[in-house]
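> Please find entry.txt (compact mmCIF, C-alpha atoms) on the next line:
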```
# COMPACT_ATOMS: atom_id res chain seq x y z
CA MET A 78 79.31 1.10 29.44
CA THR A 79 82.89 2.39 29.52
CA ASP A 80 85.51 1.85 26.84
CA ARG A 81 87.40 -0.40 29.27
CA GLN A 82 84.30 -2.55 29.73
CA THR A 83 83.64 -2.89 26.00
CA GLU A 84 87.16 -4.30 25.58
CA LYS A 85 86.24 -7.18 27.88
CA ARG A 86 84.83 -10.41 26.47
CA ASP A 87 81.13 -11.12 26.64
CA LEU A 88 80.87 -13.90 29.22
CA LEU A 89 77.82 -15.53 27.58
CA GLY A 90 79.75 -15.78 24.32
CA MET A 91 82.70 -17.76 25.72
CA LEU A 92 83.19 -21.51 25.38
CA PRO A 93 84.25 -23.52 28.47
CA GLU A 94 87.79 -24.05 27.19
CA GLU A 95 88.16 -20.28 26.69
CA LEU A 96 86.94 -19.66 30.23
CA GLN A 97 89.37 -22.27 31.51
CA THR A 98 92.31 -20.61 29.76
CA GLU A 99 91.47 -17.20 31.21
CA LEU A 100 90.70 -18.46 34.72
CA ALA A 101 93.94 -20.42 34.83
CA LYS A 102 95.81 -17.11 34.65
CA TYR A 103 94.29 -16.31 38.06
CA GLY A 104 95.09 -19.67 39.58
CA GLU A 105 91.60 -21.12 39.29
CA PRO A 106 91.28 -24.92 38.85
CA SER A 107 90.24 -26.33 35.49
CA PHE A 108 86.81 -27.53 36.67
CA ARG A 109 85.80 -23.96 37.56
CA ALA A 110 85.09 -23.11 33.93
CA LYS A 111 82.48 -25.88 33.61
CA GLN A 112 80.79 -24.75 36.82
CA ILE A 113 80.53 -21.18 35.59
CA PHE A 114 79.53 -22.07 32.02
CA SER A 115 76.69 -24.35 33.12
CA GLN A 116 75.26 -21.78 35.52
CA LEU A 117 75.48 -18.94 33.02
CA HIS A 118 73.35 -20.93 30.59
CA ARG A 119 70.79 -21.53 33.32
CA GLY A 120 70.44 -17.78 33.76
CA VAL A 121 72.52 -17.42 36.94
CA ARG A 122 74.44 -14.15 37.17
CA PRO A 123 78.14 -14.39 38.12
CA ASP A 124 77.53 -12.53 41.39
CA GLU A 125 74.73 -14.99 42.26
CA MET A 126 76.86 -18.13 41.89
CA THR A 127 77.17 -19.81 45.28
CA ASN A 128 79.63 -22.56 44.36
CA ILE A 129 82.49 -20.26 43.32
CA GLY A 130 84.47 -18.04 45.62
CA ALA A 131 85.17 -14.32 45.67
CA ALA A 132 88.50 -14.81 43.90
CA ALA A 133 86.83 -16.51 40.92
CA LYS A 134 84.23 -13.76 40.72
CA GLU A 135 86.95 -11.11 40.78
CA ALA A 136 88.81 -12.97 38.04
CA LEU A 137 85.67 -13.03 35.87
CA ALA A 138 85.16 -9.31 36.39
CA SER A 139 88.71 -8.59 35.32
CA PHE A 140 88.47 -10.10 31.83
CA SER A 141 84.77 -10.37 31.04
CA ARG A 142 81.47 -8.49 31.07
CA TYR A 143 78.00 -9.87 31.62
CA TYR A 144 74.65 -8.54 30.46
CA LEU A 145 71.51 -10.59 29.92
CA PRO A 146 68.96 -9.07 27.49
CA GLN A 147 66.18 -7.49 29.50
CA PRO A 148 62.48 -7.91 28.63
CA GLU A 149 61.27 -4.43 27.67
CA GLN A 150 57.86 -5.78 26.63
CA LYS A 151 56.27 -9.19 26.89
CA LEU A 152 53.10 -10.20 25.06
CA VAL A 153 51.34 -13.52 25.60
CA SER A 154 48.82 -14.85 23.09
CA ALA A 155 45.43 -15.74 24.56
CA ILE A 156 44.91 -18.02 21.54
CA ASP A 157 47.88 -20.40 21.64
CA GLY A 158 50.23 -19.26 24.39
CA THR A 159 52.88 -17.84 22.06
CA VAL A 160 55.12 -15.39 23.94
CA LYS A 161 56.70 -12.42 22.21
CA TYR A 162 59.56 -10.48 23.80
CA LEU A 163 61.05 -7.13 23.01
CA PHE A 164 64.51 -7.45 24.55
CA ARG A 165 66.60 -4.41 25.41
CA LEU A 166 70.34 -4.86 24.89
CA HIS A 167 73.21 -3.32 26.86
CA ASP A 168 73.43 -0.30 24.52
CA GLY A 169 69.70 0.45 24.52
CA ASN A 170 68.96 -1.18 21.16
CA CYS A 171 66.06 -3.65 21.01
CA VAL A 172 65.43 -6.96 19.26
CA GLU A 173 62.55 -9.42 19.28
CA SER A 174 62.27 -13.09 20.18
CA VAL A 175 59.20 -15.33 20.01
CA VAL A 176 58.64 -18.52 22.02
CA MET A 177 56.23 -20.94 20.34
CA LYS A 178 54.56 -24.08 21.66
CA TYR A 179 54.60 -27.23 19.57
CA GLU A 180 53.74 -30.83 20.39
CA HIS A 181 57.43 -31.69 20.72
CA GLY A 182 58.18 -28.77 23.06
CA LEU A 183 59.06 -25.10 23.00
CA THR A 184 60.91 -23.43 20.12
CA ILE A 185 62.29 -19.90 20.16
CA CYS A 186 62.65 -17.66 17.14
CA ILE A 187 65.58 -15.33 17.74
CA SER A 188 67.02 -12.23 16.09
CA SER A 189 70.54 -12.09 14.68
CA GLN A 190 70.95 -8.35 14.05
CA VAL A 191 69.55 -5.03 15.23
CA GLY A 192 67.59 -4.25 12.08
CA CYS A 193 68.48 -5.72 8.70
CA ARG A 194 70.10 -4.40 5.53
CA MET A 195 68.68 -6.94 3.08
CA GLY A 196 65.77 -4.69 2.11
CA CYS A 197 63.08 -7.33 1.48
CA LYS A 198 60.00 -5.28 0.60
CA PHE A 199 57.50 -7.32 2.62
CA CYS A 200 59.47 -7.39 5.89
CA ALA A 201 59.09 -5.01 8.84
CA SER A 202 62.51 -5.95 10.21
CA THR A 203 64.42 -4.30 7.38
CA ILE A 204 62.70 -0.90 7.54
CA GLY A 205 65.40 1.53 8.65
CA GLY A 206 68.28 -0.77 7.69
CA ARG A 207 70.80 -2.53 9.92
CA VAL A 208 72.07 -0.79 13.03
CA ARG A 209 74.57 -3.48 14.05
CA ASP A 210 75.20 -7.20 14.36
CA LEU A 211 74.41 -9.04 17.57
CA ASP A 212 77.45 -10.57 19.23
CA THR A 213 77.47 -14.23 20.20
CA GLY A 214 76.52 -13.57 23.82
CA GLU A 215 73.49 -11.55 22.72
CA LEU A 216 72.35 -14.42 20.51
CA VAL A 217 72.67 -16.91 23.38
CA GLY A 218 71.23 -14.37 25.82
CA GLN A 219 67.85 -14.27 24.10
CA ILE A 220 67.36 -17.97 24.84
CA VAL A 221 68.73 -17.79 28.38
CA ALA A 222 66.58 -14.76 29.20
CA ALA A 223 63.41 -16.36 27.82
CA GLN A 224 64.02 -19.62 29.69
CA LYS A 225 64.70 -17.74 32.90
CA ASP A 226 61.56 -15.65 32.57
CA LEU A 227 59.29 -18.57 31.66
CA GLY A 228 60.88 -21.13 33.97
CA VAL A 229 60.93 -23.78 31.22
CA ARG A 230 63.38 -25.48 28.91
CA ILE A 231 63.47 -24.43 25.27
CA ALA A 232 64.28 -27.36 23.01
CA GLY A 233 64.42 -25.80 19.53
CA ILE A 234 65.75 -22.70 17.80
CA VAL A 235 64.62 -20.92 14.65
CA MET A 236 66.91 -18.18 13.36
CA MET A 237 64.19 -16.30 11.55
CA GLY A 238 63.79 -13.14 13.61
CA ILE A 239 65.16 -9.65 12.96
CA GLY A 240 68.24 -9.70 10.73
CA GLU A 241 69.90 -11.98 8.18
CA PRO A 242 71.82 -14.70 10.08
CA LEU A 243 74.39 -15.30 7.33
CA ASP A 244 75.13 -11.56 7.23
CA ASN A 245 76.41 -12.06 10.80
CA TYR A 246 78.16 -15.30 9.89
CA ASP A 247 81.03 -15.57 12.39
CA ASN A 248 78.90 -14.78 15.43
CA VAL A 249 76.12 -17.09 14.26
CA VAL A 250 78.46 -20.06 13.69
CA ARG A 251 79.98 -19.54 17.13
CA PHE A 252 76.46 -19.32 18.57
CA LEU A 253 75.52 -22.67 16.98
CA ARG A 254 78.47 -24.36 18.66
CA LEU A 255 77.68 -22.74 22.01
CA VAL A 256 74.01 -23.70 22.19
CA ASN A 257 74.87 -27.27 21.18
CA HIS A 258 77.42 -27.66 23.97
CA PRO A 259 76.39 -30.45 26.39
CA ASP A 260 77.37 -28.40 29.46
CA GLY A 261 75.24 -25.46 28.34
CA LEU A 262 71.85 -25.28 26.66
CA ASN A 263 72.51 -28.67 24.99
CA ILE A 264 70.15 -28.02 22.05
CA GLY A 265 70.72 -30.54 19.27
CA TYR A 266 71.72 -29.28 15.85
CA ARG A 267 68.77 -31.12 14.32
CA HIS A 268 66.48 -28.92 16.39
CA ILE A 269 67.95 -25.73 14.92
CA SER A 270 66.73 -24.08 11.74
CA LEU A 271 68.55 -21.19 10.05
CA SER A 272 66.72 -19.03 7.52
CA THR A 273 68.53 -16.99 4.87
CA CYS A 274 67.42 -14.75 2.03
CA GLY A 275 70.13 -16.36 -0.07
CA LEU A 276 73.70 -15.20 0.62
CA VAL A 277 75.23 -17.81 -1.65
CA ASP A 278 78.87 -17.43 -0.63
CA ARG A 279 77.93 -17.98 3.00
CA ILE A 280 75.75 -20.99 2.13
CA TYR A 281 78.87 -22.63 0.72
CA ASP A 282 80.83 -21.66 3.84
CA LEU A 283 78.14 -23.17 6.06
CA MET A 284 78.08 -26.31 3.91
CA LYS A 285 81.77 -26.93 4.61
CA LEU A 286 81.11 -26.98 8.36
CA ASP A 287 78.77 -29.95 7.87
CA LEU A 288 76.53 -29.03 10.80
CA PRO A 289 73.29 -31.06 10.77
CA ILE A 290 71.04 -28.02 11.10
CA THR A 291 68.06 -27.32 8.83
CA LEU A 292 68.67 -24.65 6.20
CA SER A 293 65.64 -22.62 5.11
CA ILE A 294 65.76 -20.50 1.96
CA SER A 295 63.50 -17.46 1.62
CA LEU A 296 62.59 -17.81 -2.06
CA HIS A 297 59.25 -16.00 -2.51
CA ALA A 298 59.28 -16.02 -6.34
CA ALA A 299 60.07 -18.32 -9.25
CA ASP A 300 61.57 -15.77 -11.65
CA ASP A 301 64.33 -13.22 -11.25
CA GLU A 302 62.23 -10.21 -12.23
CA THR A 303 59.62 -10.82 -9.53
CA ARG A 304 62.13 -11.86 -6.89
CA SER A 305 64.40 -8.88 -7.53
CA SER A 306 61.44 -6.52 -7.19
CA ILE A 307 60.79 -7.71 -3.63
CA MET A 308 64.24 -9.01 -2.61
CA PRO A 309 67.24 -6.87 -3.62
CA VAL A 310 69.62 -9.72 -2.74
CA ASN A 311 68.46 -11.47 -5.92
CA LYS A 312 70.32 -8.93 -8.03
CA ARG A 313 73.55 -10.19 -6.47
CA TYR A 314 72.61 -13.87 -6.31
CA PRO A 315 69.99 -14.76 -8.97
CA ILE A 316 67.70 -17.74 -8.53
CA ASP A 317 69.76 -20.18 -10.63
CA THR A 318 72.89 -19.35 -8.63
CA LEU A 319 71.02 -19.75 -5.36
CA LEU A 320 69.48 -23.10 -6.29
CA ASP A 321 72.84 -24.42 -7.49
CA ALA A 322 74.15 -23.66 -4.00
CA CYS A 323 71.15 -25.45 -2.48
CA ALA A 324 71.79 -28.54 -4.58
CA SER A 325 75.45 -28.55 -3.54
CA TYR A 326 74.48 -28.09 0.11
CA PHE A 327 72.20 -31.14 0.00
CA ALA A 328 74.71 -33.24 -1.93
CA HIS A 329 77.35 -32.49 0.70
CA THR A 330 75.30 -32.65 3.91
CA GLY A 331 72.32 -34.85 3.04
CA ARG A 332 70.15 -32.40 4.98
CA ARG A 333 66.79 -31.41 3.53
CA ILE A 334 66.41 -27.74 2.59
CA SER A 335 63.12 -25.97 3.16
CA PHE A 336 61.93 -23.16 0.94
CA GLU A 337 59.89 -20.34 2.39
CA TYR A 338 57.43 -18.69 0.06
CA THR A 339 55.55 -15.61 1.30
CA LEU A 340 52.26 -15.28 -0.57
CA ILE A 341 51.45 -11.69 -1.54
CA ALA A 342 48.08 -10.99 -3.08
CA GLY A 343 48.36 -10.07 -6.76
CA LYS A 344 52.14 -10.40 -6.72
CA ASN A 345 53.17 -14.05 -6.52
CA ASP A 346 50.10 -16.06 -5.49
CA SER A 347 48.47 -17.02 -8.81
CA PRO A 348 48.08 -20.60 -10.09
CA LYS A 349 50.52 -19.68 -12.85
CA ALA A 350 53.08 -18.68 -10.21
CA ALA A 351 52.55 -22.01 -8.42
CA VAL A 352 53.20 -23.97 -11.63
CA ALA A 353 56.30 -21.88 -12.31
CA LEU A 354 57.61 -22.53 -8.79
CA ALA A 355 57.07 -26.29 -9.08
CA ASP A 356 58.71 -26.40 -12.51
CA LEU A 357 61.67 -24.38 -11.26
CA LEU A 358 62.34 -26.57 -8.22
CA ASN A 359 61.90 -29.80 -10.15
CA ARG A 360 64.14 -28.60 -12.97
CA LYS A 361 66.92 -27.32 -10.72
CA LEU A 362 66.88 -29.93 -7.98
CA ARG A 363 65.48 -33.10 -9.62
CA PRO A 364 66.08 -35.72 -10.86
CA GLU A 365 69.71 -35.38 -11.89
CA ARG A 366 70.72 -33.87 -8.56
CA ARG A 367 71.45 -36.58 -6.02
CA GLY A 368 72.30 -36.70 -2.37
CA PRO A 369 75.15 -38.59 -0.66
CA GLU A 370 73.21 -41.87 -0.86
CA GLY A 371 71.90 -41.32 -4.37
CA GLY A 372 68.43 -40.05 -3.49
CA ALA A 373 66.82 -37.11 -5.23
CA VAL A 374 66.75 -33.85 -3.34
CA PRO A 375 63.69 -33.77 -1.03
CA ILE A 376 61.81 -30.52 -1.59
CA HIS A 377 59.52 -28.87 0.93
CA VAL A 378 57.85 -25.49 0.47
CA ASN A 379 56.52 -23.63 3.49
CA LEU A 380 53.79 -21.23 2.34
CA ILE A 381 53.45 -18.09 4.44
CA PRO A 382 50.62 -15.58 3.93
CA VAL A 383 52.34 -12.19 4.09
CA ASN A 384 52.10 -10.23 7.33
CA GLU A 385 50.44 -6.94 6.56
CA VAL A 386 52.73 -4.06 7.46
CA SER A 387 51.46 -0.54 6.77
CA GLU A 388 54.73 0.61 5.19
CA THR A 389 54.77 -2.15 2.54
CA GLY A 390 51.24 -1.89 1.16
CA PHE A 391 51.17 -5.67 0.63
CA THR A 392 48.11 -7.73 1.55
CA HIS A 393 47.89 -11.45 2.25
CA SER A 394 46.29 -13.88 -0.15
CA GLU A 395 42.76 -15.19 0.27
CA LYS A 396 42.51 -18.61 1.92
CA ALA A 397 41.20 -20.16 -1.29
CA ALA A 398 44.22 -18.86 -3.21
CA VAL A 399 46.58 -20.26 -0.59
CA ARG A 400 44.89 -23.68 -0.73
CA ARG A 401 44.99 -23.71 -4.53
CA PHE A 402 48.68 -22.77 -4.56
CA ALA A 403 49.49 -25.64 -2.19
CA GLU A 404 47.40 -28.09 -4.23
CA ILE A 405 49.24 -27.22 -7.43
CA LEU A 406 52.63 -27.75 -5.80
CA GLU A 407 51.51 -31.13 -4.45
CA GLN A 408 50.22 -32.12 -7.90
CA HIS A 409 53.68 -31.44 -9.26
CA GLY A 410 55.41 -33.56 -6.62
CA ILE A 411 56.40 -30.72 -4.31
CA ARG A 412 55.49 -31.19 -0.65
CA ALA A 413 53.83 -28.02 0.60
CA THR A 414 52.49 -26.88 3.95
CA VAL A 415 50.85 -23.64 5.01
CA ARG A 416 52.55 -22.20 8.05
CA ARG A 417 50.28 -22.12 11.07
CA ARG A 418 50.08 -18.54 12.23
CA LEU A 419 50.96 -18.51 15.92
CA GLY A 420 50.34 -15.52 18.17
CA SER A 421 48.08 -13.76 15.68
CA ASP A 422 46.53 -11.67 18.45
CA ILE A 423 49.93 -10.25 19.47
CA ASN A 424 51.49 -9.66 16.02
CA ALA A 425 54.04 -12.38 16.73
CA SER A 426 55.89 -11.96 13.43
CA CYS A 427 59.24 -10.28 14.03
CA GLY A 428 59.95 -6.62 13.43
CA GLN A 429 56.66 -4.97 14.28
CA LEU A 430 57.10 -4.62 18.04
CA ARG A 431 60.52 -3.05 17.60
CA ARG A 432 59.10 -0.63 15.04
CA GLN A 433 56.42 0.44 17.49
CA ALA A 434 59.01 0.97 20.21
CA LEU A 435 61.21 3.08 17.92
CA GLY A 436 58.37 5.12 16.46
CA ALA A 437 57.46 5.61 12.83
CA SER A 438 60.85 7.04 11.85
CA GLY A 439 62.77 4.03 13.14
CA GLN A 440 66.50 3.93 13.81
CA GLY A 441 68.56 4.41 10.71
CA GLY A 442 71.18 1.91 9.64
CA ASP A 443 72.92 0.60 6.55
CA ALA A 444 71.16 -1.12 3.66
CA LEU A 445 72.16 -3.64 1.00
```
The structure given in the file should be rewritten as structure tokens.

Amino acid sequence: MTDRQTEKRDLLGMLPEELQTELAKYGEPSFRAKQIFSQLHRGVRPDEMTNIGAAAKEALASFSRYYLPQPEQKLVSAIDGTVKYLFRLHDGNCVESVVMKYEHGLTICISSQVGCRMGCKFCASTIGGRVRDLDTGELVGQIVAAQKDLGVRIAGIVMMGIGEPLDNYDNVVRFLRLVNHPDGLNIGYRHISLSTCGLVDRIYDLMKLDLPITLSISLHAADDETRSSIMPVNKRYPIDTLLDACASYFAHTGRRISFEYTLIAGKNDSPKAAVALADLLNRKLRPERRGPEGGAVPIHVNLIPVNEVSETGFTHSEKAAVRRFAEILEQHGIRATVRRRLGSDINASCGQLRRQALGASGQGGDAL
């Protein structure tokens, strides 16, 4: 891609009103932007659009560029139909997306960065650091490309793939507005979940936008010493600071926050750790913390047996330990569920397919 091309705007990352403003400079009518926007989000290339003329196509080419992520690899689970993609981007970098089947429809887990600089010790995505952020069009493009390949509509989004979404804040917020647009993918905010390792300043920024998405917090420990040993971000934003932000987020938005807790054998999966987690959440979020209508903060913990990655040396907890951990949380008034592992036969958790494609050395980037 030439320097002149990189200066052009990514067509998939433009809102209809932005398209309208640019097209008007070339004498195109105002309705043209809606026509183009809707087709782009259905996976139609600009040169394939039959309801716009050559002049409109030339105008698009003059101010914008278009590239849909290309499936480099595609794995389909024989167990539950989960589909895992390794998408190649315009510059040759790769990211992963996973399409999962639920009773209510299809949900896609997308990546927000090429690599990740957060350094969580149990995560394959962060090995090698962050190469770069994904731009808004690349975020949208993962969904458009998957829908086009599968020939189905995707109704939900989980931002839990490669990268830390709030470390790519501006592009992610723009992405949320784009996918919610009624003339595009039209995915409701309440069907979007964003997972963060706990960038507190950005949680407050997101809170002010008052978007009715679901915020998920990767907690993974109940004390600072343990959490800092597996999540470097905790040294910048300790647990008390993070949970204060969570309480403020709920008080402002009224939206339930989910807590993700990866169970690592011998590290954070003991009954004592379960009691400590329940006590922490109850102490920090109940009963004095109240929502907009006076209700106590609803707490939900999603327990996730760790994915075994050779570089980490961590192993997942025994099933009995997982059940016991969940029971203890429930006994202390904390709703807990064990995440159903989808696509287990294709290593559907994000990061591993990209690592295989890059080789053992990976592609170096920056770290936290």
> So how far away is CA of Val176 (chain A) from CA of Leu227 (chain A), in Å?
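Answer for the CA of Leu227 (chain A) to CA of Val176 (chain A) separation: 9.7 Å.
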> For a test of reading the model, state the distance in Å between CA of Gly240 (chain A) and CA of His181 (chain A), rounded to one decimal.
26.5 Å
> To one decimal place, how far is CA of Val415 (chain A) from CA of Ser188 (chain A) in Å?
22.7 Å
> Could you give me, as a list in words, the residues within 9 Å of Val256 (chain A), counting all atoms listed in the file and dropping anything in the same chain fewer than 3 positions from it?
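Close residues of Val256 (chain A): His118, Val217, Arg251, Phe252, Leu253, Pro259, Gly261, Leu262, Asn263, Ile264, Gly265 and Tyr266 of chain A.
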> Name the closest residue to Val172 (chain A) among the candidates A:Arg194, A:His297, A:His329, A:Arg207; distances are taken between atoms, counting all atoms listed in the file.
A:Arg207
> Sort by chain and increasing residue number a table of all residues of region 148-217 of chain A within 12 Å of region 334-346 of chain A, each with its closest pair of atoms and their distance in Å to one decimal, counting all atoms listed in the file, and write it as a Markdown table.

```
| residue | atom | partner | partner_atom | distance |
| --- | --- | --- | --- | --- |
| A:Cys197 | CA | A:Thr339 | CA | 11.2 |
| A:Lys198 | CA | A:Ile341 | CA | 10.9 |
| A:Phe199 | CA | A:Ile341 | CA | 8.5 |
| A:Cys200 | CA | A:Thr339 | CA | 10.2 |
```
> What lies within 6 Å of region 234-238 of chain A using all atoms listed in the file, ignoring chain neighbours under 5 positions off, as a short mmCIF file (atom, residue, chain, number, x, y, z; two decimals) with C-alpha atoms, keeping the file's coordinate frame?

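Written output follows (selection.cif):
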```
data_model
loop_
_atom_site.label_atom_id
_atom_site.label_comp_id
_atom_site.auth_asym_id
_atom_site.auth_seq_id
_atom_site.Cartn_x
_atom_site.Cartn_y
_atom_site.Cartn_z
CA THR A 184 60.91 -23.43 20.12
CA ILE A 185 62.29 -19.90 20.16
CA CYS A 186 62.65 -17.66 17.14
CA ILE A 187 65.58 -15.33 17.74
CA SER A 188 67.02 -12.23 16.09
CA ILE A 269 67.95 -25.73 14.92
CA SER A 270 66.73 -24.08 11.74
CA LEU A 271 68.55 -21.19 10.05
CA SER A 272 66.72 -19.03 7.52
CA CYS A 427 59.24 -10.28 14.03
#
```
> Using only C-alpha atoms, which residue out of A:Leu362, A:Met195, A:Ala355, A:Ile204 lies closest to Ser295 (chain A)?
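Closest to Ser295 (chain A) of all the choices is A:Met195.
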